[in-house]
file data.cif (mmCIF, C-alpha atoms)
data_run
#
loop_
_atom_site.label_atom_id
_atom_site.label_comp_id
_atom_site.auth_asym_id
_atom_site.auth_seq_id
_atom_site.Cartn_x
_atom_site.Cartn_y
_atom_site.Cartn_z
CA MET A 1 -26.79 59.50 17.75
CA ALA A 2 -23.58 59.17 19.67
CA THR A 3 -23.66 58.95 23.42
CA SER A 4 -22.22 61.78 25.45
CA ARG A 5 -19.62 62.43 28.10
CA ASN A 6 -19.70 61.50 31.77
CA PHE A 7 -22.26 63.49 33.79
CA PHE A 8 -20.25 62.98 36.98
CA SER A 9 -17.04 64.51 35.72
CA LEU A 10 -18.91 67.48 34.28
CA PHE A 11 -20.57 68.37 37.56
CA GLN A 12 -17.62 67.70 39.83
CA LYS A 13 -14.88 69.59 38.01
CA PRO A 14 -14.62 73.15 36.67
CA LYS A 15 -13.56 71.74 33.29
CA VAL A 16 -15.41 68.97 31.60
CA ILE A 17 -13.48 65.76 30.90
CA PRO A 18 -13.95 65.41 27.14
CA PHE A 19 -13.74 62.42 24.90
CA GLU A 20 -10.19 61.37 24.20
CA PHE A 21 -9.11 61.75 20.60
CA LEU A 22 -8.26 58.12 19.87
CA GLY A 23 -8.30 58.17 16.08
CA GLN A 24 -5.47 58.75 13.68
CA GLN A 25 -3.99 62.22 14.19
CA GLN A 26 -4.65 64.62 11.35
CA SER A 27 -3.79 68.26 10.93
CA SER A 28 -6.47 70.88 11.51
CA ALA A 29 -5.90 72.19 8.02
CA LEU A 30 -6.68 68.85 6.46
CA LEU A 31 -9.75 68.36 8.62
CA SER A 32 -11.15 71.81 7.92
CA THR A 33 -10.80 71.27 4.18
CA HIS A 34 -13.11 68.30 4.42
CA ILE A 35 -15.62 70.00 6.75
CA VAL A 36 -16.06 73.20 4.74
CA GLY A 37 -15.61 73.18 0.99
CA ASP A 38 -15.85 76.01 -1.49
CA THR A 39 -19.52 76.65 -0.66
CA PRO A 40 -20.61 78.17 2.70
CA ILE A 41 -22.68 75.92 5.00
CA LEU A 42 -25.06 76.62 7.87
CA VAL A 43 -23.62 76.28 11.37
CA ARG A 44 -25.71 73.16 12.04
CA ASP A 45 -24.18 71.47 8.98
CA PHE A 46 -20.70 72.47 10.12
CA ILE A 47 -21.34 70.96 13.58
CA HIS A 48 -22.82 67.79 12.08
CA LYS A 49 -19.73 67.28 9.91
CA ALA A 50 -17.34 68.12 12.73
CA LEU A 51 -18.97 65.47 14.93
CA TYR A 52 -20.37 62.79 12.62
CA ASP A 53 -18.63 62.90 9.24
CA PRO A 54 -17.61 59.26 8.57
CA ASN A 55 -14.11 60.30 7.53
CA VAL A 56 -13.16 63.26 9.73
CA GLY A 57 -15.96 63.55 12.32
CA TYR A 58 -15.02 63.49 16.00
CA PHE A 59 -17.13 60.44 16.86
CA SER A 60 -16.00 58.57 13.76
CA GLN A 61 -12.35 58.67 14.76
CA LYS A 62 -12.50 56.73 18.03
CA SER A 63 -12.36 52.95 18.05
CA THR A 64 -13.30 52.67 21.75
CA SER A 65 -15.66 55.56 22.30
CA VAL A 66 -17.73 54.10 25.14
CA GLY A 67 -16.32 52.77 28.39
CA VAL A 68 -17.70 49.49 29.77
CA LEU A 69 -17.24 48.39 33.39
CA ASP A 70 -16.35 44.77 33.97
CA SER A 71 -18.73 44.68 36.94
CA SER A 72 -21.14 46.93 38.79
CA ILE A 73 -19.80 49.27 41.47
CA LYS A 74 -20.67 48.05 44.98
CA PHE A 75 -21.64 51.41 46.44
CA ASN A 76 -22.74 50.03 49.81
CA ARG A 77 -19.20 48.76 50.39
CA LEU A 78 -17.69 52.23 49.98
CA GLU A 79 -17.33 54.42 53.07
CA GLY A 80 -18.32 57.72 51.45
CA ARG A 81 -17.52 60.32 48.84
CA LYS A 82 -13.74 60.15 49.29
CA ALA A 83 -13.75 56.38 48.85
CA TYR A 84 -16.02 56.66 45.81
CA MET A 85 -13.75 59.26 44.17
CA LYS A 86 -10.73 57.05 44.82
CA HIS A 87 -12.52 54.04 43.32
CA LEU A 88 -13.61 56.10 40.31
CA ASP A 89 -10.06 57.33 39.76
CA LYS A 90 -8.86 53.72 39.81
CA ILE A 91 -11.48 52.73 37.22
CA TYR A 92 -10.41 55.49 34.85
CA LYS A 93 -6.72 54.67 35.21
CA GLN A 94 -7.38 50.99 34.42
CA SER A 95 -9.48 51.84 31.36
CA ASP A 96 -8.31 52.96 27.93
CA VAL A 97 -11.22 55.41 27.64
CA SER A 98 -11.59 58.83 29.24
CA TRP A 99 -15.25 58.70 30.29
CA PHE A 100 -18.17 56.51 31.36
CA THR A 101 -21.85 57.29 30.90
CA PRO A 102 -24.10 57.38 33.99
CA VAL A 103 -26.02 54.31 32.81
CA GLU A 104 -22.66 52.50 32.89
CA LEU A 105 -21.41 53.89 36.20
CA PHE A 106 -24.67 53.07 37.94
CA LYS A 107 -25.54 49.83 36.19
CA PRO A 108 -27.93 48.17 36.48
CA TRP A 109 -29.82 50.64 38.71
CA TYR A 110 -29.92 53.56 36.27
CA ALA A 111 -31.51 51.44 33.53
CA HIS A 112 -33.80 49.76 36.07
CA GLY A 113 -35.21 53.17 37.03
CA ILE A 114 -36.03 53.89 33.39
CA ALA A 115 -37.62 50.45 32.99
CA GLU A 116 -39.78 51.00 36.08
CA SER A 117 -41.00 54.36 34.74
CA ILE A 118 -42.04 52.61 31.52
CA LEU A 119 -43.84 49.75 33.27
CA ARG A 120 -45.65 52.14 35.57
CA THR A 121 -47.01 54.36 32.79
CA THR A 122 -47.53 52.06 29.78
CA ASN A 123 -50.53 50.04 28.66
CA LEU A 124 -49.38 46.47 29.20
CA SER A 125 -52.38 45.03 27.36
CA VAL A 126 -50.59 45.68 24.05
CA PRO A 127 -47.09 44.44 23.10
CA LEU A 128 -44.37 46.70 24.49
CA LYS A 129 -42.25 48.30 21.78
CA ILE A 130 -39.13 50.30 22.67
CA TYR A 131 -36.75 52.32 20.50
CA GLU A 132 -33.47 53.62 21.89
CA ILE A 133 -31.56 56.29 20.00
CA GLY A 134 -27.81 56.41 20.62
CA GLY A 135 -27.64 53.30 22.79
CA GLY A 136 -23.89 53.37 23.45
CA SER A 137 -22.54 49.99 24.49
CA GLY A 138 -25.99 48.45 25.03
CA THR A 139 -25.89 48.67 28.82
CA CYS A 140 -29.23 50.51 29.00
CA ALA A 141 -30.95 48.04 26.67
CA LYS A 142 -29.68 45.03 28.63
CA GLY A 143 -30.65 46.62 31.95
CA ILE A 144 -34.17 47.39 30.78
CA LEU A 145 -34.67 43.91 29.32
CA ASP A 146 -33.29 42.33 32.52
CA TYR A 147 -35.69 44.35 34.67
CA ILE A 148 -38.74 43.62 32.54
CA LYS A 149 -37.91 39.92 32.47
CA LEU A 150 -37.75 39.82 36.27
CA ASN A 151 -40.53 42.24 37.20
CA ALA A 152 -43.17 42.33 34.45
CA PRO A 153 -45.74 39.65 33.63
CA THR A 154 -44.23 36.88 31.51
CA ARG A 155 -46.31 37.81 28.47
CA VAL A 156 -44.87 41.37 28.53
CA TYR A 157 -41.30 40.10 28.24
CA ASP A 158 -42.23 37.39 25.74
CA ASN A 159 -43.79 39.94 23.36
CA ILE A 160 -41.41 42.87 23.83
CA SER A 161 -39.59 44.45 20.88
CA TYR A 162 -36.48 46.55 21.55
CA THR A 163 -34.83 48.38 18.64
CA SER A 164 -31.63 50.38 18.90
CA VAL A 165 -31.10 53.11 16.29
CA GLU A 166 -27.34 53.66 16.21
CA ILE A 167 -25.29 55.82 13.83
CA SER A 168 -21.96 54.19 14.82
CA SER A 169 -21.21 50.79 13.30
CA SER A 170 -18.75 49.84 16.06
CA LEU A 171 -21.24 50.67 18.80
CA ALA A 172 -23.99 48.79 16.96
CA ALA A 173 -21.86 45.64 17.12
CA LYS A 174 -21.03 46.24 20.78
CA GLN A 175 -24.72 46.56 21.67
CA ILE A 176 -25.52 43.14 20.23
CA GLU A 177 -22.62 41.67 22.20
CA THR A 178 -23.78 43.28 25.47
CA VAL A 179 -27.45 42.39 25.15
CA GLY A 180 -26.48 38.89 23.97
CA GLU A 181 -25.03 38.12 27.40
CA VAL A 182 -28.58 36.93 28.14
CA ASP A 183 -29.58 34.49 25.41
CA SER A 184 -33.31 35.12 25.67
CA HIS A 185 -32.84 38.85 24.99
CA LEU A 186 -31.45 38.38 21.48
CA SER A 187 -34.75 37.35 19.90
CA LYS A 188 -36.31 40.59 21.17
CA PHE A 189 -33.46 42.98 20.37
CA ARG A 190 -32.13 44.36 17.09
CA VAL A 191 -29.89 47.21 15.99
CA GLU A 192 -30.59 49.46 13.00
CA HIS A 193 -27.39 51.17 11.87
CA ARG A 194 -28.70 54.52 10.63
CA ASP A 195 -29.25 58.20 11.42
CA ALA A 196 -32.40 58.68 13.51
CA THR A 197 -33.01 62.12 11.98
CA ASP A 198 -33.46 60.60 8.51
CA ARG A 199 -37.21 60.14 8.03
CA ASN A 200 -36.72 57.51 5.32
CA GLY A 201 -35.11 55.16 7.82
CA TRP A 202 -38.33 54.88 9.82
CA GLY A 203 -40.42 53.61 6.93
CA ASP A 204 -44.21 53.88 7.00
CA VAL A 205 -46.04 55.60 9.83
CA ASP A 206 -46.46 53.28 12.82
CA GLU A 207 -49.71 54.04 14.63
CA GLN A 208 -49.00 51.62 17.47
CA PRO A 209 -47.94 52.86 20.93
CA CYS A 210 -44.20 52.72 21.60
CA TRP A 211 -41.45 54.20 23.75
CA VAL A 212 -38.44 56.22 22.57
CA ILE A 213 -35.41 56.52 24.89
CA MET A 214 -32.68 59.14 24.36
CA LEU A 215 -29.95 59.28 27.01
CA GLU A 216 -27.43 62.10 26.52
CA VAL A 217 -28.39 62.47 22.87
CA LEU A 218 -29.83 65.99 22.71
CA ASP A 219 -26.56 67.64 23.76
CA ASN A 220 -24.72 66.44 20.65
CA LEU A 221 -27.44 67.32 18.16
CA PRO A 222 -26.43 70.11 15.74
CA HIS A 223 -27.59 73.65 16.51
CA ASP A 224 -27.92 76.75 14.37
CA LEU A 225 -26.58 80.15 15.31
CA ILE A 226 -28.23 83.52 14.65
CA TYR A 227 -26.58 86.90 15.09
CA ALA A 228 -27.64 90.53 15.44
CA GLU A 229 -25.26 93.48 15.19
CA ASN A 230 -26.85 95.27 18.14
CA GLN A 231 -29.89 95.25 20.43
CA THR A 232 -32.33 96.41 17.75
CA SER A 233 -30.88 95.16 14.46
CA PRO A 234 -32.58 92.15 12.83
CA TRP A 235 -31.42 88.60 13.41
CA MET A 236 -29.29 87.01 10.69
CA GLU A 237 -28.48 83.38 9.87
CA VAL A 238 -24.86 82.43 10.49
CA TRP A 239 -23.04 80.43 7.82
CA VAL A 240 -19.47 79.11 7.85
CA GLU A 241 -17.19 79.77 4.91
CA ARG A 242 -13.56 79.02 4.10
CA LYS A 243 -11.35 81.97 3.24
CA GLN A 244 -7.69 82.38 2.35
CA GLY A 245 -6.77 78.73 2.24
CA GLU A 246 -7.97 77.05 5.43
CA LYS A 247 -9.18 79.98 7.53
CA LEU A 248 -12.82 79.67 8.60
CA SER A 249 -15.07 82.66 9.17
CA GLU A 250 -18.73 83.50 9.69
CA LEU A 251 -21.04 84.82 7.01
CA TYR A 252 -24.33 86.55 7.89
CA ARG A 253 -27.47 86.30 5.76
CA PRO A 254 -31.16 87.22 6.21
CA ILE A 255 -33.28 84.57 7.94
CA GLU A 256 -34.60 82.19 5.29
CA ASP A 257 -34.05 78.64 6.59
CA SER A 258 -37.33 76.94 7.55
CA LEU A 259 -35.95 75.14 10.63
CA ILE A 260 -34.45 78.37 11.96
CA LYS A 261 -37.75 80.18 11.34
CA SER A 262 -39.69 77.47 13.16
CA CYS A 263 -37.38 77.60 16.19
CA MET A 264 -37.61 81.38 16.34
CA GLU A 265 -41.39 81.10 16.12
CA ILE A 266 -41.51 78.65 19.02
CA ILE A 267 -39.20 80.79 21.15
CA ASP A 268 -41.33 83.80 20.18
CA MET A 269 -38.31 86.01 19.60
CA PRO A 270 -39.28 89.71 19.46
CA ASP A 271 -39.10 91.56 16.14
CA ALA A 272 -36.43 94.25 16.16
CA THR A 273 -38.73 96.58 14.18
CA THR A 274 -41.00 96.94 17.23
CA SER A 275 -38.24 98.43 19.39
CA SER A 276 -38.87 101.77 21.10
CA ALA A 277 -37.16 104.97 20.02
CA MET A 278 -35.19 105.09 23.27
CA LYS A 279 -33.96 101.54 22.76
CA ASN A 280 -32.89 102.39 19.22
CA ILE A 281 -30.88 105.35 20.48
CA TRP A 282 -29.31 103.27 23.24
CA ALA A 283 -28.33 100.57 20.73
CA LYS A 284 -26.57 103.14 18.56
CA VAL A 285 -24.69 104.72 21.46
CA PHE A 286 -23.84 101.44 23.22
CA PRO A 287 -24.12 98.72 20.57
CA LYS A 288 -24.05 95.19 21.92
CA PRO A 289 -23.87 92.24 19.48
CA ARG A 290 -26.25 89.36 20.16
CA TRP A 291 -25.86 85.63 19.53
CA CYS A 292 -28.48 82.95 20.03
CA TRP A 293 -28.09 79.18 19.55
CA LEU A 294 -31.16 77.35 18.23
CA PRO A 295 -31.66 73.56 18.73
CA THR A 296 -32.63 72.90 15.13
CA GLY A 297 -31.17 69.38 15.26
CA CYS A 298 -33.52 68.52 18.13
CA MET A 299 -36.37 70.16 16.22
CA LYS A 300 -35.66 68.01 13.17
CA LEU A 301 -35.46 64.82 15.24
CA LEU A 302 -38.75 65.56 17.02
CA GLU A 303 -40.47 66.27 13.69
CA VAL A 304 -39.23 62.94 12.34
CA LEU A 305 -40.27 61.01 15.46
CA HIS A 306 -43.73 62.55 15.66
CA GLY A 307 -44.23 61.94 11.96
CA ALA A 308 -43.13 58.31 12.08
CA LEU A 309 -44.35 57.37 15.59
CA PRO A 310 -47.35 59.63 16.39
CA LYS A 311 -48.27 57.63 19.50
CA MET A 312 -44.78 57.42 20.96
CA SER A 313 -43.94 58.06 24.60
CA LEU A 314 -40.58 59.75 25.12
CA ILE A 315 -37.92 59.58 27.85
CA ALA A 316 -34.88 61.83 27.44
CA SER A 317 -32.12 62.82 29.85
CA ASP A 318 -29.42 65.44 29.43
CA PHE A 319 -27.57 68.48 30.77
CA SER A 320 -29.76 71.38 31.90
CA TYR A 321 -26.73 73.67 32.10
CA LEU A 322 -22.98 73.55 31.44
CA PRO A 323 -20.19 75.20 33.47
CA ASP A 324 -17.47 77.53 32.22
CA VAL A 325 -18.81 78.08 28.71
CA LYS A 326 -16.48 80.41 26.79
CA ILE A 327 -18.52 80.75 23.60
CA PRO A 328 -21.03 83.63 23.53
CA GLY A 329 -24.78 83.31 23.11
CA GLU A 330 -27.80 81.82 24.82
CA ARG A 331 -27.60 77.98 24.94
CA ALA A 332 -23.95 78.16 23.77
CA PRO A 333 -21.94 74.92 23.68
CA LEU A 334 -18.76 73.70 25.28
CA VAL A 335 -16.14 72.75 22.71
CA SER A 336 -13.56 70.50 24.35
CA THR A 337 -10.55 68.56 23.19
CA LYS A 338 -7.86 66.42 24.79
CA LYS A 339 -4.34 66.24 23.44
CA ASP A 340 -1.21 64.76 25.00
CA GLY A 341 -3.20 63.91 28.14
CA SER A 342 -4.29 67.52 28.67
CA SER A 343 -7.86 68.75 28.21
CA SER A 344 -8.83 72.24 27.09
CA ASP A 345 -11.88 74.18 25.95
CA TYR A 346 -11.87 76.13 22.70
CA ASN A 347 -13.01 79.77 22.59
CA SER A 348 -14.80 79.25 19.26
CA TYR A 349 -16.81 76.45 17.71
CA LEU A 350 -14.88 77.11 14.49
CA ASP A 351 -11.83 75.57 16.16
CA ALA A 352 -13.57 72.18 16.23
CA LYS A 353 -12.35 70.57 13.04
CA GLY A 354 -12.86 66.92 13.89
CA ASP A 355 -10.65 66.91 16.99
CA ALA A 356 -13.14 68.22 19.57
CA ASP A 357 -16.45 67.38 21.17
CA ILE A 358 -19.22 69.96 20.77
CA PHE A 359 -22.06 69.66 23.27
CA PHE A 360 -24.93 71.90 24.30
CA PRO A 361 -27.09 72.40 27.36
CA THR A 362 -30.75 71.44 26.96
CA ASP A 363 -33.38 74.10 27.61
CA PHE A 364 -36.08 71.78 28.95
CA SER A 365 -38.79 74.43 28.79
CA LEU A 366 -37.99 74.97 25.10
CA LEU A 367 -37.82 71.19 24.59
CA GLU A 368 -41.38 70.93 25.89
CA ARG A 369 -42.59 73.67 23.54
CA MET A 370 -40.86 72.02 20.56
CA ASP A 371 -42.43 68.71 21.52
CA HIS A 372 -45.91 70.26 21.50
CA TYR A 373 -45.15 72.07 18.24
CA CYS A 374 -43.93 68.96 16.45
CA SER A 375 -46.90 66.94 17.72
CA GLY A 376 -49.08 69.28 15.67
CA TRP A 377 -50.86 70.98 18.57
CA MET A 378 -49.17 74.40 18.42
CA LYS A 379 -49.34 74.45 14.62
CA GLN A 380 -53.14 74.65 14.87
CA GLN A 381 -52.78 78.21 16.20
CA LYS A 382 -51.19 79.56 13.01
CA ASP A 383 -54.51 80.59 11.46
CA GLY A 384 -55.49 82.54 14.56
CA GLU A 385 -58.36 80.21 15.37
CA PRO A 386 -58.96 79.02 18.96
CA LEU A 387 -57.91 75.46 19.65
CA LYS A 388 -60.87 73.08 19.71
CA ARG A 389 -58.83 70.22 21.13
CA GLY A 390 -56.42 70.06 24.03
CA LYS A 391 -52.73 69.32 23.96
CA LYS A 392 -51.62 66.09 22.33
CA ARG A 393 -48.88 65.47 24.91
CA ARG A 394 -48.61 65.25 28.69
CA THR A 395 -45.11 66.34 29.66
CA LEU A 396 -42.96 66.45 32.78
CA SER A 397 -39.38 67.52 33.53
CA LEU A 398 -37.65 66.13 36.61
CA ASP A 399 -34.22 66.56 38.13
CA THR A 400 -32.26 63.32 37.91
CA ALA A 401 -32.45 62.92 41.68
CA ALA A 402 -36.24 63.32 41.67
CA PHE A 403 -36.63 60.86 38.79
CA MET A 404 -34.50 58.20 40.46
CA GLU A 405 -36.16 58.69 43.84
CA GLU A 406 -39.53 58.14 42.17
CA PHE A 407 -38.70 55.26 39.84
CA GLY A 408 -35.32 53.89 40.89
CA LEU A 409 -33.78 52.23 43.93
CA PRO A 410 -31.65 54.98 45.54
CA THR A 411 -30.49 52.67 48.32
CA LYS A 412 -28.49 50.69 45.75
CA THR A 413 -26.24 53.67 44.92
CA ARG A 414 -25.77 54.90 48.51
CA THR A 415 -22.47 54.62 50.36
CA LYS A 416 -22.09 53.70 54.04
CA ASP A 417 -22.19 57.30 55.31
CA GLY A 418 -25.27 58.19 53.24
CA TYR A 419 -23.52 59.87 50.33
CA ASN A 420 -25.24 58.99 47.05
CA PRO A 421 -23.38 60.01 43.85
CA LEU A 422 -26.39 59.34 41.65
CA LEU A 423 -28.55 61.75 43.65
CA ASP A 424 -25.89 64.20 44.84
CA ASP A 425 -23.63 64.67 41.80
CA PHE A 426 -26.12 65.23 39.00
CA LYS A 427 -27.49 68.67 39.79
CA ASN A 428 -27.05 69.83 36.20
CA THR A 429 -29.07 67.03 34.59
CA LYS A 430 -32.76 66.36 34.10
CA PHE A 431 -35.18 63.81 32.70
CA TYR A 432 -37.96 64.73 30.27
CA LEU A 433 -41.05 62.54 29.97
CA SER A 434 -43.67 63.01 27.26
CA VAL A 435 -46.67 60.75 26.62
CA PRO A 436 -49.58 61.04 24.17
CA THR A 437 -53.03 62.09 25.36
CA HIS A 438 -56.43 60.97 24.07
CA ASN A 439 -56.35 63.98 21.74
CA VAL A 440 -54.09 62.05 19.36
CA LYS A 441 -56.09 60.79 16.43
#
call {"tool": "encode", "arguments": {"input": "data.cif", "output": "structure tokens"}}
result
Amino acid sequence: MATSRNFFSLFQKPKVIPFEFLGQQQSSALLSTHIVGDTPILVRDFIHKALYDPNVGYFSQKSTSVGVLDSSIKFNRLEGRKAYMKHLDKIYKQSDVSWFTPVELFKPWYAHGIAESILRTTNLSVPLKIYEIGGGSGTCAKGILDYIKLNAPTRVYDNISYTSVEISSSLAAKQIETVGEVDSHLSKFRVEHRDATDRNGWGDVDEQPCWVIMLEVLDNLPHDLIYAENQTSPWMEVWVERKQGEKLSELYRPIEDSLIKSCMEIIDMPDATTSSAMKNIWAKVFPKPRWCWLPTGCMKLLEVLHGALPKMSLIASDFSYLPDVKIPGERAPLVSTKKDGSSSDYNSYLDAKGDADIFFPTDFSLLERMDHYCSGWMKQQKDGEPLKRGKKRRTLSLDTAAFMEEFGLPTKTRTKDGYNPLLDDFKNTKFYLSVPTHNVK
């Protein structure tokens, strides 16, 4: 998975600062031809191609997609928020990238907080195994390995295994370079250049306990879109087709896709056929179209992870909401591009033809339900029989500030007047923690 945009810029400004389009400029017509052929595709497949296609995908066209700071920011030397903003502006002007991830801006403290949460909740009597999906430049991996080396028993560090699953070949190489700054880390770290949602890449089922880390990954996972003509008409799958040369349009079909059905089942979306007579009349007099975005990409990834790593513990962080979304529908994405130094948001996801970032808010309550579903616990209820065993997962969602106050060192990111950008500027982000219970076979 590719890492996402800067949390800080998203919260502070009315418009998100998107990734800069650094690849070779291509016309929208050429890009759209590659994304949608003669056969219609589901919206999730359109989004996947628009973001990850090796030839025309948004993330595939940038040679320097992740910013790396030369040194850590000395927050305790800054007077306050104004000084921090000035310093941040200087960093961006000196860099050839348009964004930095929070793990980079707050290194090493952000990664140290994640490492502490792992050490505090894991069974250290067995070798510690960590997977990171979408590891960016490797800053998180290095920070975690640094912290464990300094703070865990020697045997824990000596026996640790840290695997990065990275879809970008350039970032995979960068991660090895970053982690390799400490010689002893290299024997414990490896990068697997592959798509984490491909079950074949994980090999045989691994029954051993492990950790999976996903920082700003969920927001760039493909989603599906369903549509209803009015308040009582049935939901339809949305497909994307190419008409009249390069023009893209939506095509509506009855719900048949298994991932879409599973997501709708988890959300427990009401059946339009059960609507009251009054509601049916109201819908005819004042029809209101409905759109709903379903995180089928997240669903697929969770199914793969639970199938391959049934005893995994999971740490994920992402946006809980996004500002100024123009696209209709619940859990709708922001679609942002930057051209000639100017950023703008598209009104339609169909405008993203390889030149724009598409990112979604994470519904953490729905994420928890999908986690339980994919672990196998909720599936036991399909036959209508009472559950004989309890949940297979213990889960917790925390605001970023609460997570860092519990596991991190907030004093390290505090300025002289008490302002703390890590705690104060991340109101639209959360952490999700999920660990197996004794109900796992």
call {"tool": "residues_around", "arguments": {"input": "data.cif", "residues": "region 249-263 of chain A", "least_positions_apart": "5", "cutoff": "10 Å", "atoms": "only C-alpha atoms", "output": "MDAnalysis selection string"}}
result
chainID A and resid 40:43 223:228 234:243 268:269 293:297 299:300 350 366 369:370 373
call {"tool": "closest_residue", "arguments": {"input": "data.cif", "among": "A:Asp351, A:Asp89, A:Asp345, A:Asp198", "to": "Gly307 (chain A)", "atoms": "only C-alpha atoms"}}
result
A:Asp198
call {"tool": "residues_around", "arguments": {"input": "data.cif", "residues": "Thr121 (chain A)", "least_positions_apart": "3", "cutoff": "10 Å", "atoms": "all atoms listed in the file", "output": "compact mmCIF listing (two decimals) with C-alpha atoms, in the frame of the given file"}}
result
# COMPACT_ATOMS: atom_id res chain seq x y z
CA GLU A 116 -39.78 51.00 36.08
CA SER A 117 -41.00 54.36 34.74
CA ILE A 118 -42.04 52.61 31.52
CA LEU A 124 -49.38 46.47 29.20
CA SER A 313 -43.94 58.06 24.60
CA VAL A 435 -46.67 60.75 26.62
call {"tool": "resolve_selection", "arguments": {"input": "data.cif", "expression": "the PyMOL selection byres ((chain A and resi 74) around 10)", "output": "PyMOL selection string"}}
result
chain A and resi 71-73+75-78+84+106+412-415
call {"tool": "atom_distance", "arguments": {"input": "data.cif", "atom1": "CA of Arg44 (chain A)", "atom2": "CA of Tyr349 (chain A)"}}
result
11.1 Å
call {"tool": "closest_residue", "arguments": {"input": "data.cif", "among": "A:Leu145, A:Tyr131, A:Pro436, A:Leu88", "to": "Pro108 (chain A)", "atoms": "all atoms listed in the file"}}
result
A:Leu145
call {"tool": "build_atoms", "arguments": {"input": "data.cif", "residues": "region 388-405 of chain A", "atoms": "N, CA and C atoms", "output": "mmCIF file, in the frame of the given file"}}
result
data_model
loop_
_atom_site.group_PDB
_atom_site.id
_atom_site.type_symbol
_atom_site.label_atom_id
_atom_site.label_comp_id
_atom_site.auth_asym_id
_atom_site.auth_seq_id
_atom_site.Cartn_x
_atom_site.Cartn_y
_atom_site.Cartn_z
ATOM 1 N N LYS A 388 -59.669 73.820 19.334
ATOM 2 C CA LYS A 388 -60.870 73.080 19.710
ATOM 3 C C LYS A 388 -60.508 71.825 20.502
ATOM 4 N N ARG A 389 -59.267 71.398 20.386
ATOM 5 C CA ARG A 389 -58.830 70.220 21.130
ATOM 6 C C ARG A 389 -57.675 70.587 22.042
ATOM 7 N N GLY A 390 -57.489 69.810 23.086
ATOM 8 C CA GLY A 390 -56.420 70.060 24.030
ATOM 9 C C GLY A 390 -55.080 69.602 23.505
ATOM 10 N N LYS A 391 -54.075 69.725 24.339
ATOM 11 C CA LYS A 391 -52.730 69.320 23.960
ATOM 12 C C LYS A 391 -52.684 67.829 23.639
ATOM 13 N N LYS A 392 -51.784 67.490 22.724
ATOM 14 C CA LYS A 392 -51.620 66.090 22.330
ATOM 15 C C LYS A 392 -50.605 65.358 23.191
ATOM 16 N N ARG A 393 -49.909 66.091 24.082
ATOM 17 C CA ARG A 393 -48.880 65.470 24.910
ATOM 18 C C ARG A 393 -49.060 65.878 26.378
ATOM 19 N N ARG A 394 -48.781 64.937 27.275
ATOM 20 C CA ARG A 394 -48.610 65.250 28.690
ATOM 21 C C ARG A 394 -47.119 65.182 28.971
ATOM 22 N N THR A 395 -46.562 66.248 29.530
ATOM 23 C CA THR A 395 -45.110 66.340 29.660
ATOM 24 C C THR A 395 -44.709 66.650 31.098
ATOM 25 N N LEU A 396 -43.489 66.244 31.436
ATOM 26 C CA LEU A 396 -42.960 66.450 32.780
ATOM 27 C C LEU A 396 -41.442 66.475 32.734
ATOM 28 N N SER A 397 -40.831 67.465 33.377
ATOM 29 C CA SER A 397 -39.380 67.520 33.530
ATOM 30 C C SER A 397 -39.032 67.322 34.998
ATOM 31 N N LEU A 398 -38.067 66.448 35.247
ATOM 32 C CA LEU A 398 -37.650 66.130 36.610
ATOM 33 C C LEU A 398 -36.137 66.183 36.725
ATOM 34 N N ASP A 399 -35.643 66.709 37.851
ATOM 35 C CA ASP A 399 -34.220 66.560 38.130
ATOM 36 C C ASP A 399 -33.896 65.075 38.206
ATOM 37 N N THR A 400 -32.652 64.726 37.881
ATOM 38 C CA THR A 400 -32.260 63.320 37.910
ATOM 39 C C THR A 400 -32.517 62.698 39.279
ATOM 40 N N ALA A 401 -32.227 63.433 40.331
ATOM 41 C CA ALA A 401 -32.450 62.920 41.680
ATOM 42 C C ALA A 401 -33.924 62.618 41.911
ATOM 43 N N ALA A 402 -34.802 63.528 41.488
ATOM 44 C CA ALA A 402 -36.240 63.320 41.670
ATOM 45 C C ALA A 402 -36.735 62.132 40.857
ATOM 46 N N PHE A 403 -36.231 61.982 39.636
ATOM 47 C CA PHE A 403 -36.630 60.860 38.790
ATOM 48 C C PHE A 403 -36.225 59.542 39.429
ATOM 49 N N MET A 404 -34.983 59.449 39.899
ATOM 50 C CA MET A 404 -34.500 58.200 40.460
ATOM 51 C C MET A 404 -35.131 57.891 41.819
ATOM 52 N N GLU A 405 -35.469 58.923 42.577
ATOM 53 C CA GLU A 405 -36.160 58.690 43.840
ATOM 54 C C GLU A 405 -37.571 58.169 43.605
#
